[in-house]
Amino acid sequence: MKYYSLNHNAPNVSFEEAVIQGLASDRGLYFPENISPLPASFFDTIENLSNEDIAFAAIQQFVGDEIPTEKLKEIIAETLCFDFPVVPVENGIYSLELFHGPTMAFKDVGARFMSRCLGYFNRDKKDSKNTVLVATSGDTGGAVASGFLAVQGVEVIILYPSGKVSDIQEKQLTTLGQNIKALEVDGVFDDCQDMVKKAFLDQDLKHKGLTSANSINIARWLPQMFYFFFAYKALKSQNKKLVFSCPSGNFGNICAGIIAKKMGLPIHHFVASTNVNDTVPRFLVDGEYDPNPSIATISNAMDVGNPSNFIRIQEMYQNDLAQFKKDFSSYSFSDAETTVAMQHIYKNNGYIAEPHGAVGYLGLKKELEKQDENTIGIFLETAHPIKFLDVVEPALGVTLPIPPQIQAVMHDEKVSTKIKTYEELKAFLD
Ligand SMILES: *Cc1c(COP(=O)(O)O)cnc(C)c1O
């Protein structure tokens, strides 16, 4: 499979080159040249397939022969080392729980898959290394640290804003050691992000083989299609139309779902649910893409003013706004509405949703009003409530037990290097 740049001013590249580079030389995101539907027989018999078989069938065309079949199967098995339950919440509404991985965030899937692809591509490179440089406001960093731990030939450097991430998140970033280094930046998330962007453009650092580990990287982004197939498998026997609501920030998750639909997965409709960072909901109203600076909310993993993957969604719809609106809605919700939704879900159904999942639930409810009786809705629950306990505990008046995989890191010692300026980052990299 070849990938082209969405800025159309860089050469087409292989899967391997796209994974190693992250972003094309013209700063465009990579997109696959073809998306081929899977055979009808695959969907007819999907209930007989394991998650690993499904994932292999889904991703194979995007990897081609660049990773041998046996190795790709091994990578998938290591990626999917946990469950993806579809949990009934209320009549006709399900939560697709994506938080049962090692760091209890859905980003575990993409981070584990990408790290193992990079490890494979580095298998014979004794002297050279790839350096994954990533800025985090909290959740991504932990998943990347865990996913890349001990992967051969890859060094990971995570920048996070000092004092601005939760204790659990900080422990997940700073305690693993080995090839994972944490830089504690005296500043806010945007300062971390600016330093990372500057490093990618810095000619002095070209030899370092810097790459990113956010959803602009195809190996972080594409495997997120897997769990839409798993949910279909779980709900297929009900014979209803499926509406998926994704709590969306950079729109990588929902964009992977749209790829699954292009491959023939029978998804009736998508809802991109956002917090007050509402660039896409506004776009659907007037067709104007007019990004705003991001606003801080309680669902902070979605505090994104200019969603990086939206351009990939536009590519799939070729700017056909009418068709796009048929398949896709987007609604935005305030923190107050989100808190009320968390309380409503808990009181009526005994289900604890964290703020991102609650935004997904709200968008789903709104869309289901427009759909007929023969429809069921699924919202993606993208993190375990313990990851957002500062919000969940006071809102619901509960105390959450700490799961074992979180307890394990809480006892380990934090190791970080404090930095303030870009020059200090550069010195650290050299
Ligand atoms: C990253 C993240 C999101 C947003 O996902 P996108 O793919 O960027 O739209 C939602 N919820 C949580 C908990 C996240 O960590």
# chains A, B, ... in the order shown; residues from 1 in each chain; ligands from 1
$ closest_atom_pairs --of "chain A" --to "ligand 1" --cutoff "6 Å" --atoms "only C-alpha atoms and all ligand atoms" --output "JSON lines"
{"residue": "A:Asp139", "atom": "CA", "partner": "ligand 1", "partner_atom_place_in_ligand_line": "15 (O)", "distance": 5.1}
{"residue": "A:Pro247", "atom": "CA", "partner": "ligand 1", "partner_atom_place_in_ligand_line": "10 (C)", "distance": 5.2}
{"residue": "A:Ser248", "atom": "CA", "partner": "ligand 1", "partner_atom_place_in_ligand_line": "9 (O)", "distance": 3.5}
{"residue": "A:Gly249", "atom": "CA", "partner": "ligand 1", "partner_atom_place_in_ligand_line": "9 (O)", "distance": 3.7}
{"residue": "A:Asn250", "atom": "CA", "partner": "ligand 1", "partner_atom_place_in_ligand_line": "8 (O)", "distance": 3.4}
{"residue": "A:Phe251", "atom": "CA", "partner": "ligand 1", "partner_atom_place_in_ligand_line": "9 (O)", "distance": 3.4}
{"residue": "A:Gly252", "atom": "CA", "partner": "ligand 1", "partner_atom_place_in_ligand_line": "7 (O)", "distance": 3.6}
{"residue": "A:Asn253", "atom": "CA", "partner": "ligand 1", "partner_atom_place_in_ligand_line": "7 (O)", "distance": 3.8}
{"residue": "A:Ala301", "atom": "CA", "partner": "ligand 1", "partner_atom_place_in_ligand_line": "14 (C)", "distance": 4.7}
{"residue": "A:Met302", "atom": "CA", "partner": "ligand 1", "partner_atom_place_in_ligand_line": "4 (C)", "distance": 5.2}
{"residue": "A:His356", "atom": "CA", "partner": "ligand 1", "partner_atom_place_in_ligand_line": "11 (N)", "distance": 5.2}
{"residue": "A:Thr382", "atom": "CA", "partner": "ligand 1", "partner_atom_place_in_ligand_line": "13 (C)", "distance": 4.5}
{"residue": "A:Ala383", "atom": "CA", "partner": "ligand 1", "partner_atom_place_in_ligand_line": "13 (C)", "distance": 4.5}
$ residues_around --residues "region 280-287 of chain A" --least-positions-apart "6" --cutoff "10 Å" --atoms "only C-alpha atoms" --output "ChimeraX atom specification"
/A:248-249,251,272-274,305-307,310,319,321-322,324-325,328-332
$ atom_distance --atom1 "CA of Leu159 (chain A)" --atom2 "CA of Asp191 (chain A)"
9.4 Å
$ atom_distance --atom1 "CA of Asp372 (chain A)" --atom2 "CA of Lys261 (chain A)"
20.2 Å
$ atom_distance --atom1 "CA of Ala150 (chain A)" --atom2 "CA of Asn179 (chain A)"
6.1 Å
$ select_by_dssp --residues "region 358-388 of chain A" --states "helix (DSSP H, G or I)" --output "list in words"
Ala358, Val359, Gly360, Tyr361, Leu362, Gly363, Leu364, Lys365, Lys366, Glu367, Leu368, Pro385, Ile386, Lys387 and Phe388 of chain A
$ residues_around --residues "Ala219 (chain A)" --least-positions-apart "3" --cutoff "10 Å" --atoms "only C-alpha atoms" --output "count of residues only"
24
$ residues_around --residues "Pro37 (chain A)" --least-positions-apart "5" --cutoff "7 Å" --atoms "only C-alpha atoms" --output "count of residues only"
3
$ decode --residues "region 41-93 of chain A" --atoms "C-alpha atoms" --output "compact mmCIF listing (two decimals), in the first residue's frame"
# COMPACT_ATOMS: atom_id res chain seq x y z
CA SER A 41 -18.58 -13.44 3.45
CA PHE A 42 -16.38 -11.75 6.08
CA PHE A 43 -19.35 -9.86 7.54
CA ASP A 44 -21.68 -12.88 7.14
CA THR A 45 -19.45 -15.02 9.36
CA ILE A 46 -17.81 -12.41 11.59
CA GLU A 47 -19.32 -13.96 14.73
CA ASN A 48 -17.13 -17.02 14.16
CA LEU A 49 -13.91 -14.99 14.07
CA SER A 50 -11.69 -14.05 17.00
CA ASN A 51 -10.82 -10.39 17.61
CA GLU A 52 -7.34 -11.14 16.32
CA ASP A 53 -8.67 -12.64 13.07
CA ILE A 54 -10.94 -9.64 12.56
CA ALA A 55 -8.14 -7.16 13.18
CA PHE A 56 -5.83 -8.99 10.79
CA ALA A 57 -8.44 -8.95 8.01
CA ALA A 58 -9.08 -5.25 8.62
CA ILE A 59 -5.50 -3.97 8.71
CA GLN A 60 -3.82 -6.31 6.22
CA GLN A 61 -4.44 -4.18 3.12
CA PHE A 62 -2.91 -1.13 4.80
CA VAL A 63 0.31 -2.92 5.70
CA GLY A 64 0.60 -5.02 2.51
CA ASP A 65 3.66 -7.25 2.38
CA GLU A 66 5.84 -4.87 4.39
CA ILE A 67 5.40 -6.93 7.55
CA PRO A 68 5.27 -10.74 7.07
CA THR A 69 1.92 -12.36 7.93
CA GLU A 70 3.19 -14.22 10.99
CA LYS A 71 4.84 -11.10 12.39
CA LEU A 72 1.76 -8.96 11.76
CA LYS A 73 -0.37 -11.53 13.59
CA GLU A 74 2.05 -11.40 16.51
CA ILE A 75 1.86 -7.58 16.59
CA ILE A 76 -1.96 -7.76 16.58
CA ALA A 77 -2.01 -10.34 19.39
CA GLU A 78 0.24 -8.11 21.53
CA THR A 79 -1.87 -5.06 20.68
CA LEU A 80 -5.18 -6.69 21.62
CA CYS A 81 -4.16 -8.18 24.96
CA PHE A 82 -7.37 -7.00 26.68
CA ASP A 83 -11.17 -6.99 26.26
CA PHE A 84 -13.49 -4.55 24.46
CA PRO A 85 -16.84 -5.18 26.14
CA VAL A 86 -20.11 -3.77 24.80
CA VAL A 87 -22.08 -2.99 27.97
CA PRO A 88 -25.84 -2.27 28.00
CA VAL A 89 -26.51 1.08 29.71
CA GLU A 90 -30.18 1.74 28.99
CA ASN A 91 -32.79 0.61 26.52
CA GLY A 92 -31.16 0.66 23.06
CA ILE A 93 -27.94 2.28 24.32
